[in-house]
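Undergrad: Below is a structure I'd like to ask you about.
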Amino acid sequence: MENKLANSAPLGLMGFGMTTVLLNIHNAGFFPIDSMILAMGLFYGGLAQVIVGIMEFKKGNTFGTTAFTSYGLFWLTLVGLIVMPKLGIAEASPAAFMGWYLVMWGLFTGFMFIGSLRYCFAKQFVFGSLTVLFFLLAARDFTGSAFIGTIAGFEGIVCGLSAIYFAMAQVLNEEYGRTILPVGDKQPQAAVAQHPA
């Protein structure tokens, strides 16, 4: 009997995308961080993506495992950085330290962006815009510039919306068996070699 596994990527992308949009509405200056953002970071951005990473591991997808598990743990660490000082567990990190935290995530995402170049344009856009977002947020923390933070917020909203689009494109295209939402599929290498134009 054939045991066909479902595509778990849309679940992870939705967890990432929706949480990213909400956090960056805050970064853009529209509302403060509250329990809504923290809960999304813990459960949908965090826990859901870790689960998806494990599901991608079962499918033998190294890229998916690395991406979803890492970003799920990013959200869990980010919530920890916000909540732990409030609970008296640890001191709050200075802005410059947070800048280095964001630089490290930017470097990781930059490498993942290079890996995404093998895939469709929608995936490339998610990773490319996320790389820019991490470095903008790092620049905000290093400089203390509210203006850079606002720019990062709007860029992050675009990044999160692109992940939501990519997730729903996969769901709808699979359900209908045809392209409902285009993702910019790349031509196979053999086809490119035969038709270089």
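Each chain in the structure tokens gets a letter, A, B, ..., in the order shown, and its residues are numbered from 1; ligands are numbered from 1 in order too.
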Would you return as a PyMOL selection string the members of range 78-188 of chain A that DSSP assigns to alpha helix (DSSP H) on this structure's backbone?
TA: chain A and resi 78-86+95-116+121-143+146-176
Undergrad: List as a PyMOL selection string the protein and nucleic acid residues near Thr66 in chain A, meaning an atom at most 9 Å away when only C-alpha atoms are counted, but skip any in the same chain fewer than 3 places from it.
TA: chain A and resi 53+56-57+61-63+69-71+112
Undergrad: Taking 4 positions as the minimum chain separation for residues in the same chain, which residues sit within 9 Å of Leu130 in chain A when counting only C-alpha atoms? Answer as an MDAnalysis selection string.
TA: chainID A and resid 106 109:110 113 125:126 134:135 155:156 159:160
Undergrad: Select, from A:Ile51, A:Leu161, A:Ala146, A:Leu107, the residue with the minimum atom-to-atom distance to Ala9 in chain A, counting only C-alpha atoms.
TA: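 Closest candidate: A:Ile51.
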